[in-house]
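One file, work27.tsv, is given below (TSV, C-alpha atoms).
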```
chain	number	residue	atom	x	y	z
A	1398	MET	CA	35.57	254.93	257.57
A	1399	ILE	CA	37.67	255.99	254.61
A	1400	SER	CA	36.84	259.46	253.30
A	1401	GLY	CA	35.19	259.54	249.90
A	1402	GLU	CA	32.76	256.74	250.75
A	1403	ASN	CA	30.02	258.61	248.93
A	1404	SER	CA	32.18	259.51	245.93
A	1405	ALA	CA	30.81	256.66	243.87
A	1406	ALA	CA	27.26	257.77	244.48
A	1407	GLY	CA	28.23	261.34	243.73
A	1408	ARG	CA	29.36	260.42	240.25
A	1409	ILE	CA	26.07	258.80	239.24
A	1410	ARG	CA	24.20	260.96	236.76
A	1411	ASP	CA	20.43	261.04	236.47
A	1412	LYS	CA	19.01	260.86	232.97
A	1413	ASN	CA	16.53	263.59	232.14
A	1414	VAL	CA	13.71	262.58	229.82
A	1415	ASN	CA	12.61	265.54	227.74
A	1416	SER	CA	8.96	265.96	226.99
A	1417	GLU	CA	7.83	266.40	223.40
A	1418	LYS	CA	8.97	269.75	221.98
A	1419	THR	CA	7.81	272.02	219.24
A	1420	PRO	CA	10.13	272.68	216.28
A	1421	ALA	CA	10.97	276.10	217.70
A	1422	ASP	CA	11.90	274.55	221.05
A	1423	CYS	CA	14.29	272.21	219.27
A	1424	LEU	CA	16.57	275.07	218.32
A	1425	THR	CA	16.85	276.35	221.88
A	1426	GLU	CA	19.93	275.77	223.98
A	1427	ARG	CA	20.07	273.19	226.71
A	1428	LYS	CA	23.01	272.11	228.81
A	1429	GLU	CA	23.97	268.75	230.23
A	1430	ASN	CA	27.10	268.63	232.35
A	1431	GLY	CA	28.31	271.88	230.77
A	1432	ILE	CA	28.00	270.62	227.20
A	1433	LEU	CA	25.76	272.22	224.62
A	1434	ALA	CA	23.39	269.75	223.05
A	1435	LEU	CA	21.60	269.60	219.72
A	1436	GLU	CA	18.10	268.21	219.44
A	1437	LYS	CA	16.91	265.56	216.98
A	1438	ARG	CA	17.43	265.68	213.23
A	1439	GLU	CA	13.81	266.39	212.37
A	1440	CYS	CA	14.03	269.72	214.18
A	1441	GLN	CA	16.90	270.88	211.98
A	1442	GLN	CA	14.65	270.62	208.93
A	1443	SER	CA	11.52	271.99	210.56
A	1444	CYS	CA	11.87	275.59	209.41
A	1445	GLY	CA	10.05	276.21	206.19
A	1446	VAL	CA	8.44	272.80	205.85
A	1447	SER	CA	5.05	274.36	205.17
A	1448	ALA	CA	6.59	276.69	202.58
A	1449	LYS	CA	8.00	273.77	200.57
A	1450	MET	CA	4.53	272.98	199.30
A	1451	GLY	CA	4.54	276.11	197.14
A	1452	ILE	CA	8.00	275.73	195.58
A	1453	SER	CA	7.77	275.12	191.84
A	1454	ASP	CA	10.52	273.55	189.76
A	1455	ARG	CA	11.30	276.96	188.28
A	1456	LYS	CA	11.70	278.49	191.72
A	1457	LYS	CA	14.00	275.63	192.70
A	1458	LYS	CA	16.17	276.20	189.61
A	1459	ILE	CA	16.37	279.93	190.36
A	1460	LEU	CA	17.18	279.28	194.03
A	1461	ALA	CA	19.93	276.84	193.03
A	1462	ALA	CA	21.37	279.39	190.59
A	1463	VAL	CA	21.37	282.10	193.28
A	1464	VAL	CA	23.12	279.85	195.81
A	1465	ASP	CA	25.71	278.66	193.29
A	1466	GLU	CA	26.49	282.23	192.21
A	1467	TYR	CA	26.62	283.55	195.77
A	1468	ILE	CA	28.97	280.74	196.81
A	1469	ARG	CA	31.21	281.67	193.88
A	1470	THR	CA	31.25	285.47	194.27
A	1471	ALA	CA	30.11	286.29	197.84
A	1472	GLU	CA	28.08	289.13	196.26
A	1473	PRO	CA	24.26	289.56	196.19
A	1474	VAL	CA	22.77	288.11	193.01
A	1475	GLY	CA	20.44	290.17	190.76
A	1476	SER	CA	17.77	289.12	188.26
A	1477	LYS	CA	19.59	290.67	185.29
A	1478	HIS	CA	22.76	288.71	186.00
A	1479	LEU	CA	20.80	285.46	186.36
A	1480	ALA	CA	18.94	286.06	183.10
A	1481	GLU	CA	22.25	286.63	181.27
A	1482	SER	CA	24.41	283.91	182.76
A	1483	ALA	CA	22.38	281.16	184.47
A	1484	GLY	CA	20.68	279.70	181.38
A	1485	LEU	CA	17.27	279.58	183.04
A	1486	GLY	CA	15.29	280.34	179.88
A	1487	CYS	CA	13.34	283.11	181.63
A	1488	SER	CA	13.20	286.85	181.16
A	1489	SER	CA	14.68	289.21	183.68
A	1490	ALA	CA	11.18	290.31	184.70
A	1491	THR	CA	10.04	286.73	185.31
A	1492	ILE	CA	13.16	286.00	187.36
A	1493	ARG	CA	12.62	289.22	189.32
A	1494	ASN	CA	9.09	288.12	190.23
A	1495	GLU	CA	10.24	284.65	191.25
A	1496	LEU	CA	13.02	286.15	193.38
A	1497	ALA	CA	10.47	288.33	195.15
A	1498	GLU	CA	8.35	285.26	195.91
A	1499	LEU	CA	11.38	283.34	197.19
A	1500	VAL	CA	12.08	286.28	199.51
A	1501	ALA	CA	8.48	286.19	200.74
A	1502	LEU	CA	8.76	282.45	201.35
A	1503	GLY	CA	11.94	282.92	203.39
A	1504	TYR	CA	14.44	281.24	201.06
A	1505	LEU	CA	16.19	284.46	200.02
A	1506	GLU	CA	16.71	287.89	201.53
A	1507	GLN	CA	17.66	291.30	200.16
A	1508	PRO	CA	20.41	293.02	202.18
A	1509	HIS	CA	19.52	296.44	200.74
A	1510	THR	CA	16.64	297.77	198.64
A	1511	SER	CA	18.82	298.25	195.58
A	1512	ALA	CA	20.88	295.08	196.09
A	1513	GLY	CA	20.41	291.59	194.71
A	1514	ARG	CA	19.40	288.58	196.78
A	1515	VAL	CA	21.35	286.25	199.05
A	1516	PRO	CA	20.29	282.86	200.47
A	1517	THR	CA	18.88	282.54	203.98
A	1518	PRO	CA	19.65	279.52	206.19
A	1519	MET	CA	16.34	278.04	205.01
A	1520	GLY	CA	17.45	278.56	201.41
A	1521	TYR	CA	20.75	276.82	202.10
A	1522	ARG	CA	18.89	273.94	203.74
A	1523	MET	CA	16.68	273.49	200.64
A	1524	TYR	CA	19.81	273.65	198.49
A	1525	VAL	CA	21.70	271.03	200.53
A	1526	ASN	CA	18.75	268.67	200.85
A	1527	GLU	CA	17.29	268.82	197.33
A	1528	LEU	CA	19.17	270.97	194.82
A	1529	MET	CA	22.91	270.50	195.30
A	1530	GLU	CA	24.69	268.31	192.77
A	1531	LYS	CA	26.79	265.62	194.42
A	1532	GLN	CA	30.34	266.29	193.31
A	1533	LYS	CA	32.80	263.55	192.42
A	1534	LEU	CA	36.54	264.02	192.76
A	1535	SER	CA	38.69	263.81	189.66
A	1536	LEU	CA	41.31	261.08	189.26
A	1537	GLU	CA	44.05	263.62	189.99
A	1538	GLU	CA	42.30	264.80	193.17
A	1539	THR	CA	41.75	261.21	194.28
A	1540	GLU	CA	45.41	260.31	193.82
A	1541	ASP	CA	46.54	263.46	195.62
A	1542	LEU	CA	44.22	262.82	198.57
A	1543	ASN	CA	45.35	259.21	198.86
A	1544	ARG	CA	49.00	260.26	198.83
A	1545	ARG	CA	48.49	262.94	201.48
A	1546	LEU	CA	46.36	260.68	203.66
A	1547	ASN	CA	49.00	257.93	203.59
A	1548	LEU	CA	51.67	260.43	204.62
A	1549	LYS	CA	49.57	261.69	207.52
A	1550	LEU	CA	48.77	258.20	208.79
A	1551	GLN	CA	52.48	257.45	209.01
A	1552	GLU	CA	52.65	260.01	211.82
A	1553	LEU	CA	51.36	257.46	214.32
A	1554	ASP	CA	52.08	259.62	217.35
A	1555	ASP	CA	49.65	262.32	216.18
A	1556	THR	CA	47.05	260.63	213.98
A	1557	ILE	CA	44.01	262.65	215.08
A	1558	GLY	CA	45.88	265.96	214.90
A	1559	SER	CA	47.22	265.04	211.46
A	1560	ILE	CA	43.72	264.24	210.18
A	1561	SER	CA	42.46	267.59	211.46
A	1562	ARG	CA	45.27	269.50	209.73
A	1563	LEU	CA	44.81	267.57	206.48
A	1564	ALA	CA	41.06	268.29	206.39
A	1565	SER	CA	41.77	271.98	206.96
A	1566	GLN	CA	44.35	272.06	204.16
A	1567	LEU	CA	42.01	270.28	201.73
A	1568	THR	CA	39.01	272.54	202.33
A	1569	ASP	CA	40.68	275.84	203.36
A	1570	TYR	CA	38.35	275.99	206.39
A	1571	PRO	CA	38.93	275.32	210.09
A	1572	ALA	CA	38.68	271.56	210.58
A	1573	LEU	CA	38.04	269.23	213.48
A	1574	ALA	CA	38.87	265.59	214.14
A	1575	LEU	CA	37.32	263.60	216.94
A	1576	THR	CA	37.38	260.01	218.10
A	1577	THR	CA	34.65	258.70	220.36
A	1578	ALA	CA	34.75	255.19	221.75
A	1579	CYS	CA	31.71	252.99	222.13
A	1580	PRO	CA	30.56	252.52	225.76
A	1581	THR	CA	33.38	250.97	227.78
A	1582	THR	CA	32.94	248.33	230.48
A	1583	VAL	CA	35.25	246.55	232.91
A	1584	LYS	CA	36.17	243.08	231.76
A	1585	ARG	CA	38.01	241.92	234.88
A	1586	VAL	CA	38.92	243.22	238.34
A	1587	ASP	CA	42.06	242.17	240.22
A	1588	LEU	CA	42.85	243.31	243.76
A	1589	ILE	CA	46.46	242.57	244.66
A	1590	TYR	CA	47.21	242.46	248.40
A	1591	VAL	CA	50.56	244.09	249.20
A	1592	ASP	CA	50.48	244.44	253.00
A	1593	ALA	CA	48.03	245.29	255.79
A	1594	ASN	CA	47.78	248.91	254.65
A	1595	THR	CA	48.24	248.64	250.88
A	1596	PHE	CA	46.63	246.94	247.89
A	1597	ILE	CA	46.55	247.51	244.11
A	1598	ILE	CA	43.42	247.78	241.96
A	1599	VAL	CA	43.92	246.44	238.42
A	1600	LEU	CA	41.14	246.84	235.84
A	1601	MET	CA	41.05	245.26	232.39
A	1602	LEU	CA	38.62	247.20	230.16
A	1603	SER	CA	36.48	245.94	227.29
A	1604	GLY	CA	39.01	247.31	224.79
A	1605	ASN	CA	41.74	245.23	226.52
A	1606	SER	CA	43.47	248.27	227.98
A	1607	VAL	CA	44.59	248.01	231.62
A	1608	LYS	CA	44.37	250.63	234.37
A	1609	SER	CA	45.74	250.33	237.89
A	1610	LYS	CA	45.87	252.26	241.14
A	1611	LEU	CA	47.89	251.84	244.33
A	1612	VAL	CA	45.69	252.31	247.40
A	1613	HIS	CA	47.19	253.25	250.80
A	1614	LEU	CA	44.89	252.57	253.75
A	1615	PRO	CA	44.80	254.42	257.09
A	1616	VAL	CA	43.58	251.20	258.69
A	1617	SER	CA	44.70	247.59	258.51
A	1618	VAL	CA	42.90	245.08	256.31
A	1619	ASP	CA	43.49	241.36	255.99
A	1620	GLN	CA	44.06	239.48	252.75
A	1621	ALA	CA	40.79	237.54	253.06
A	1622	MET	CA	38.77	240.79	252.88
A	1623	VAL	CA	40.63	241.89	249.73
A	1624	GLN	CA	39.99	238.50	248.10
A	1625	LYS	CA	36.28	238.64	249.02
A	1626	LEU	CA	35.94	242.12	247.51
A	1627	CYS	CA	37.73	240.96	244.35
A	1628	ALA	CA	35.21	238.13	243.88
A	1629	LEU	CA	32.22	240.41	244.51
A	1630	PHE	CA	33.44	243.08	242.06
A	1631	ASN	CA	34.05	240.49	239.34
A	1632	SER	CA	30.53	239.10	239.78
A	1633	GLY	CA	28.70	242.43	240.09
A	1634	PHE	CA	30.67	245.15	238.28
A	1635	THR	CA	32.01	243.55	235.10
A	1636	GLY	CA	30.24	244.02	231.77
A	1637	ILE	CA	28.28	247.08	232.88
A	1638	THR	CA	28.65	250.76	231.95
A	1639	GLU	CA	29.49	253.68	234.20
A	1640	GLU	CA	25.80	254.67	234.44
A	1641	GLN	CA	24.91	251.20	235.73
A	1642	ILE	CA	27.19	251.50	238.75
A	1643	THR	CA	24.50	252.78	241.09
A	1644	PRO	CA	24.58	253.65	244.82
A	1645	LEU	CA	22.34	250.62	245.39
A	1646	LEU	CA	24.88	248.29	243.73
A	1647	VAL	CA	27.74	249.80	245.75
A	1648	HIS	CA	25.87	249.56	249.05
A	1649	SER	CA	24.70	245.98	248.43
A	1650	THR	CA	28.29	244.95	247.63
A	1651	GLU	CA	29.47	246.68	250.81
A	1652	ARG	CA	26.94	244.73	252.87
A	1653	ALA	CA	27.80	241.43	251.16
A	1654	ALA	CA	31.47	241.92	251.97
A	1655	ASP	CA	30.69	243.04	255.54
A	1656	ASP	CA	32.89	246.04	254.72
A	1657	SER	CA	32.89	248.59	257.53
A	1658	MET	CA	36.02	250.41	256.33
A	1659	GLY	CA	34.74	251.94	253.08
A	1660	LEU	CA	36.93	249.81	250.79
A	1661	THR	CA	33.99	249.09	248.48
A	1662	SER	CA	33.41	252.78	247.80
A	1663	VAL	CA	37.11	253.36	247.11
A	1664	ILE	CA	37.19	250.58	244.53
A	1665	ALA	CA	33.86	251.61	242.96
A	1666	ALA	CA	35.01	255.22	242.69
A	1667	PHE	CA	38.10	254.11	240.75
A	1668	LEU	CA	35.92	252.05	238.39
A	1669	ILE	CA	33.66	255.04	237.73
A	1670	GLU	CA	36.64	257.37	237.21
A	1671	THR	CA	38.29	254.94	234.80
A	1672	LEU	CA	35.12	254.33	232.75
A	1673	SER	CA	34.44	258.08	232.58
A	1674	GLU	CA	37.92	258.82	231.28
A	1675	ALA	CA	37.71	255.98	228.75
A	1676	GLY	CA	34.55	257.50	227.29
A	1677	THR	CA	35.98	261.01	226.89
A	1678	PRO	CA	36.54	261.83	223.19
A	1679	GLU	CA	39.94	262.89	221.92
A	1680	ALA	CA	39.58	265.97	219.75
A	1681	PHE	CA	41.61	268.50	217.77
A	1682	ILE	CA	40.73	271.61	215.79
A	1683	SER	CA	43.11	273.10	213.23
A	1684	GLY	CA	43.21	276.09	210.90
A	1685	GLU	CA	41.09	278.65	212.78
A	1686	ASN	CA	43.02	281.43	211.04
A	1687	ARG	CA	41.62	280.28	207.68
A	1688	LEU	CA	38.39	282.06	208.59
A	1689	LEU	CA	40.16	285.33	207.79
A	1690	ASN	CA	40.25	284.30	204.11
A	1691	GLN	CA	36.46	284.49	203.91
A	1692	PRO	CA	34.68	287.79	203.06
A	1693	GLU	CA	32.08	287.13	205.78
A	1694	PHE	CA	34.79	287.41	208.43
A	1695	ARG	CA	36.40	290.66	207.34
A	1696	ASP	CA	34.85	292.21	210.44
A	1697	PRO	CA	37.62	291.66	213.04
A	1698	ASP	CA	35.16	291.38	215.94
A	1699	LYS	CA	33.04	288.75	214.19
A	1700	ALA	CA	36.11	286.74	213.19
A	1701	HIS	CA	37.60	287.00	216.66
A	1702	ARG	CA	34.44	285.74	218.35
A	1703	LEU	CA	34.27	282.59	216.25
A	1704	MET	CA	38.03	281.95	216.35
A	1705	ALA	CA	38.04	282.38	220.13
A	1706	TYR	CA	35.10	279.99	220.43
A	1707	LEU	CA	36.88	277.33	218.36
A	1708	SER	CA	40.26	277.85	220.01
A	1709	GLY	CA	38.75	277.94	223.48
A	1710	GLY	CA	36.80	274.71	223.14
A	1711	GLY	CA	33.28	275.07	221.76
A	1712	TYR	CA	30.96	272.14	222.31
A	1713	VAL	CA	28.13	270.51	220.42
A	1714	LEU	CA	27.12	267.20	221.95
A	1715	PRO	CA	27.66	264.08	219.82
A	1716	PRO	CA	24.47	262.28	218.73
A	1717	ALA	CA	22.82	260.01	221.23
A	1718	GLU	CA	24.19	256.53	221.66
A	1719	GLY	CA	23.35	254.37	218.66
A	1720	GLU	CA	22.75	257.33	216.34
A	1721	LEU	CA	26.40	257.85	215.41
A	1722	GLN	CA	26.60	255.26	212.69
A	1723	GLY	CA	27.03	254.96	208.94
A	1724	ASP	CA	30.69	255.50	208.10
A	1725	SER	CA	31.43	258.52	205.87
A	1726	GLU	CA	27.85	259.70	206.31
A	1727	ILE	CA	27.79	263.46	205.65
A	1728	ARG	CA	25.95	265.69	208.10
A	1729	VAL	CA	25.31	269.40	207.77
A	1730	LEU	CA	24.22	272.17	210.14
A	1731	ILE	CA	23.42	275.56	208.65
A	1732	GLY	CA	23.39	278.88	210.51
A	1733	PRO	CA	20.75	278.96	213.27
A	1734	GLU	CA	20.51	275.16	213.28
A	1735	ASN	CA	23.66	275.38	215.42
A	1736	VAL	CA	22.90	275.63	219.12
A	1737	ALA	CA	25.98	277.65	220.05
A	1738	GLU	CA	25.42	281.38	219.52
A	1739	GLU	CA	28.94	281.76	218.11
A	1740	LEU	CA	28.06	279.37	215.26
A	1741	ARG	CA	24.74	280.96	214.27
A	1742	ASP	CA	26.32	282.67	211.22
A	1743	SER	CA	28.33	279.58	210.23
A	1744	SER	CA	27.81	276.12	208.79
A	1745	VAL	CA	29.44	272.87	209.76
A	1746	VAL	CA	29.86	269.77	207.59
A	1747	ILE	CA	30.99	266.53	209.19
A	1748	ALA	CA	31.59	262.88	208.29
A	1749	THR	CA	32.00	259.77	210.44
A	1750	TYR	CA	34.48	256.95	209.93
A	1751	ASP	CA	35.50	253.64	211.50
A	1752	ALA	CA	38.60	254.29	213.59
A	1753	GLY	CA	39.04	250.64	214.63
A	1754	ASP	CA	39.07	249.13	218.14
A	1755	ASN	CA	35.32	249.67	218.57
A	1756	THR	CA	35.77	253.42	218.01
A	1757	LYS	CA	34.04	255.91	215.76
A	1758	GLY	CA	35.84	258.96	214.40
A	1759	LEU	CA	34.57	262.25	213.06
A	1760	ILE	CA	36.06	264.82	210.73
A	1761	GLY	CA	34.45	268.09	209.75
A	1762	VAL	CA	34.87	271.73	208.83
A	1763	VAL	CA	33.44	275.03	210.03
A	1764	GLY	CA	32.89	277.89	207.59
A	1765	PRO	CA	30.48	280.58	206.42
A	1766	THR	CA	26.94	279.61	205.38
A	1767	ARG	CA	28.15	280.53	201.86
A	1768	MET	CA	30.17	277.33	201.87
A	1769	ASP	CA	30.72	275.20	198.78
A	1770	TYR	CA	28.82	272.31	200.34
A	1771	SER	CA	29.17	269.96	197.39
A	1772	THR	CA	32.97	270.23	197.21
A	1773	VAL	CA	33.42	270.05	200.98
A	1774	ALA	CA	31.10	267.03	201.23
A	1775	ALA	CA	32.94	265.21	198.44
A	1776	LYS	CA	36.34	265.71	200.09
A	1777	LEU	CA	35.16	264.76	203.57
A	1778	ARG	CA	33.35	261.68	202.24
A	1779	PHE	CA	36.49	260.53	200.44
A	1780	LEU	CA	38.69	261.26	203.46
A	1781	ALA	CA	36.34	259.38	205.81
A	1782	ALA	CA	36.19	256.39	203.45
A	1783	GLY	CA	39.98	256.29	203.25
A	1784	LEU	CA	40.32	256.43	207.03
A	1785	SER	CA	37.75	253.64	207.47
A	1786	ARG	CA	39.67	251.40	205.06
A	1787	ARG	CA	43.01	252.05	206.75
A	1788	LEU	CA	42.00	252.21	210.41
A	1789	GLY	CA	38.78	250.23	210.60
A	1790	SER	CA	37.20	247.15	209.09
A	1791	GLY	CA	38.74	247.63	205.66
A	1792	GLU	CA	35.38	248.01	203.96
A	1793	ALA	CA	34.47	251.04	201.89
A	1794	PRO	CA	31.79	252.90	203.86
A	1795	PRO	CA	28.38	253.81	202.42
A	1796	GLU	CA	27.46	257.29	201.29
A	1797	GLY	CA	24.65	259.46	202.61
A	1798	LEU	CA	23.51	263.02	203.23
A	1799	HIS	CA	21.88	263.95	206.51
A	1800	ASN	CA	21.72	266.87	208.88
A	1801	LYS	CA	23.54	266.54	212.15
A	1802	LEU	CA	26.75	267.96	213.55
A	1803	ILE	CA	29.35	267.27	216.14
A	1804	LEU	CA	31.93	269.73	217.33
A	1805	LYS	CA	34.28	269.15	220.21
A	1806	LYS	CA	37.12	270.68	222.17
A	1807	ASN	CA	40.07	272.39	220.51
A	1808	GLU	CA	43.53	271.25	221.41
A	1809	ASP	CA	45.33	272.25	218.23
A	1810	SER	CA	45.03	275.58	216.45
A	1811	GLU	CA	47.72	274.92	213.88
A	1812	SER	CA	46.60	275.73	210.34
```
Please lay out the structure from this file as structure tokens.
Amino acid sequence: MISGENSAAGRIRDKNVNSEKTPADCLTERKENGILALEKRECQQSCGVSAKMGISDRKKKILAAVVDEYIRTAEPVGSKHLAESAGLGCSSATIRNELAELVALGYLEQPHTSAGRVPTPMGYRMYVNELMEKQKLSLEETEDLNRRLNLKLQELDDTIGSISRLASQLTDYPALALTTACPTTVKRVDLIYVDANTFIIVLMLSGNSVKSKLVHLPVSVDQAMVQKLCALFNSGFTGITEEQITPLLVHSTERAADDSMGLTSVIAAFLIETLSEAGTPEAFISGENRLLNQPEFRDPDKAHRLMAYLSGGGYVLPPAEGELQGDSEIRVLIGPENVAEELRDSSVVIATYDAGDNTKGLIGVVGPTRMDYSTVAAKLRFLAAGLSRRLGSGEAPPEGLHNKLILKKNEDSES
């Protein structure tokens, strides 16, 4: 019997079905195959839902003014300054009272007794979901982005890395680029008999790529057995995903072929390995050093922790199959909505695009919670739309604003 007969069965992963969770449970960390995972979108908006009932229009205007000013200055915002510069039509005393209520509701916090207020993650979430003005790029910005995108896409040997670097340059934040293929299947299996101790496995995948492997056998096998196995694999293993290649399917094929030498397991193991590799995203992160430009990361230890996490390969699991859709859709995670501890003081904004060949791509940035969300979203939306037109179906993608993030392994720390 050839060693590794059980390797195919060993690669089969059981799916865990999570029971219903509370909103608090949704922000806890869980691991699947070493990858951090984020729970469903509703959980990201769960904090403060009950408090929204008591938010008046005036409070919303004051909250928006505080967030806008804090994004601009990175300094706590006081009632006197808002009364003088925000055009709210309220007295300083009225604004002071409203600020105190916003603190009590959890939308703002006061770093020190004598200081002004700063937004909390819940305040940023309200701002992103309801208060932020959607920014449009100027004609000059649009022309500049188009020019730079065209130049980057000419670098065909490093498209994903180029997209990551361009996004970092445009936003002045660390940026990521990721491609993730739709589930891959085997389209056709060929087993080429070479001699009594050697044959070649050739797989054509659903994306029309071809993978092959030369197999050396410690025992002799005749050509009829190889041909029988080829027919059985084409009838039973084509058009199915990696997860559908079960021990039962492997064992039934082995019995049908009357295979006592373990050839079936060797071939099945190569199919599983090939499908697993085909489904692995290609990812790059650029511009980690840009964090040092932000006041929030003047603390060397804090900056180092996040930069090391990004450079070392931090993970947030992509959305479940079927949920990653809607080209150029903007998704946002704010502060503690991130599962990874290293990202709890940061925000991430990400957009999806059509990368062609049945593949979805993602671009995004990581920065402080005091991020200019409107500007970042506008640039990422435009960049994703441009990539979809050039790499994908050629159609301008729809716009949207939702709350989910993907972050994947770093292979490029160039700013």
For a test of reading the model, state the distance in Å between atom CA of A:Thr1582 and atom CA of A:Arg1652, rounded to one decimal.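 So the two atoms, atom CA of A:Thr1582 and atom CA of A:Arg1652, lie 23.5 Å apart.
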Which is closer to A:Val1618 than all the others in A:Ser1632, A:Thr1643, A:Gly1659, A:Glu1734, using all atoms listed in the file?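 Comparing A:Ser1632, A:Thr1643, A:Gly1659, A:Glu1734 against A:Val1618, the winner is A:Gly1659.
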Report, in Å to a single decimal, how far apart atom CA of A:Lys1456 and atom CA of A:Glu1498 are. 8.6 Å
What separation in Å, quoted to one decimal, exists between atom CA of A:Ile1589 and atom CA of A:Thr1635?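 Computing it gives 17.4 Å between the two atoms.
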Here is a test: counting all atoms listed in the file, which residue of A:Leu1759, A:Val1647, A:Leu1703, A:Ile1669 is nearest to A:Val1746?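 Nearest to A:Val1746: A:Leu1759.
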Write out as a list in words which residues come within 7 Å of stretch 1520-1529 of chain A when counting all atoms listed in the file, dropping same-chain ones fewer than 6 positions away.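 The neighbour list is Ala1461, Tyr1504, Leu1505, Ile1731 and Ser1771 of chain A.
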Just write the chosen residues, C-alpha atoms, as a PDB file, in the coordinates of the input.
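Listed below is the output, selection_3.pdb:
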```pdb
ATOM      1  CA  ALA A1461      19.930 276.840 193.030  1.00  0.00           C
ATOM      2  CA  TYR A1504      14.440 281.240 201.060  1.00  0.00           C
ATOM      3  CA  LEU A1505      16.190 284.460 200.020  1.00  0.00           C
ATOM      4  CA  ILE A1731      23.420 275.560 208.650  1.00  0.00           C
ATOM      5  CA  SER A1771      29.170 269.960 197.390  1.00  0.00           C
TER       6      SER A1771
END
```
I'd like the neighbourhood of A:Pro1508 as a PyMOL selection string, where a residue qualifies if any of its atoms comes within 12 Å (using all atoms listed in the file), though same-chain residues fewer than 4 positions away should be ignored. chain A and resi 1472-1475+1500+1512-1517
Given the choices A:Gly1676, A:Gly1604, A:Gly1633, A:Gly1761, which gets closest to A:Val1773 if the distance is worked out from only C-alpha atoms?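 Ranked by minimum distance to A:Val1773, first place goes to A:Gly1761.
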Using all atoms listed in the file, the residue out of A:Thr1749, A:Ser1617, A:Ser1785, A:Thr1470 with shortest distance to A:Arg1767 is A:Thr1470
Hey, which of A:Lys1531, A:Gly1783, A:Ile1459, A:Ser1565 ends up closest to A:Phe1681? Count all atoms listed in the file. A:Ser1565
Could you name the residues that touch A:Glu1639 at 9 Å or less, counting all atoms listed in the file, but leaving out those on the same chain fewer than 6 positions away, as an MDAnalysis selection string? chainID A and resid 1409 1580:1582 1668:1673
Please produce an output containing C-alpha atoms for each residue in the selection, written as a PDB file, keeping the file's coordinate frame.
```pdb
ATOM      1  CA  ILE A1409      26.070 258.800 239.240  1.00  0.00           C
ATOM      2  CA  PRO A1580      30.560 252.520 225.760  1.00  0.00           C
ATOM      3  CA  THR A1581      33.380 250.970 227.780  1.00  0.00           C
ATOM      4  CA  THR A1582      32.940 248.330 230.480  1.00  0.00           C
ATOM      5  CA  LEU A1668      35.920 252.050 238.390  1.00  0.00           C
ATOM      6  CA  ILE A1669      33.660 255.040 237.730  1.00  0.00           C
ATOM      7  CA  GLU A1670      36.640 257.370 237.210  1.00  0.00           C
ATOM      8  CA  THR A1671      38.290 254.940 234.800  1.00  0.00           C
ATOM      9  CA  LEU A1672      35.120 254.330 232.750  1.00  0.00           C
ATOM     10  CA  SER A1673      34.440 258.080 232.580  1.00  0.00           C
TER      11      SER A1673
END
```
Between A:Lys1625, A:Leu1740, A:Gly1732, A:Ile1597, which has the minimum distance to A:Val1612 (counting all atoms listed in the file)? A:Ile1597
List the spatial neighbours of A:Arg1562 as a list of chain:residue names - criterion: any atom at most 9 Å away, only C-alpha atoms, same-chain residues fewer than 4 positions off excluded.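 The residues satisfying every condition are A:Ile1557, A:Gly1558, A:Gln1566, A:Leu1567, A:Pro1571, A:Ala1572, A:Leu1573, A:Ala1574, A:Phe1681, A:Ile1682, A:Ser1683, A:Gly1684, A:Asp1809, A:Glu1811, A:Ser1812.
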Select from stretch 1607-1719 of chain A every residue with an atom at most 12 Å from any atom of stretch 1465-1469 of chain A, then for each give the shortest pair of atoms and their distance in Å to one decimal, using all atoms listed in the file, rows by chain and rising number, as CSV.
```
residue,atom,partner,partner_atom,distance
A:Gln1691,CA,A:Ile1468,CA,11.0
A:Pro1692,CA,A:Ile1468,CA,11.0
A:Glu1693,CA,A:Ile1468,CA,11.4
```
Near A:Pro1765, within 7 Å and counting all atoms listed in the file, which residues show up once chain neighbours fewer than 4 positions away are dropped, as a tab-separated table (two decimals) with C-alpha atoms, in the frame of the given file?
```
chain	number	residue	atom	x	y	z
A	1693	GLU	CA	32.08	287.13	205.78
A	1742	ASP	CA	26.32	282.67	211.22
A	1743	SER	CA	28.33	279.58	210.23
A	1744	SER	CA	27.81	276.12	208.79
```
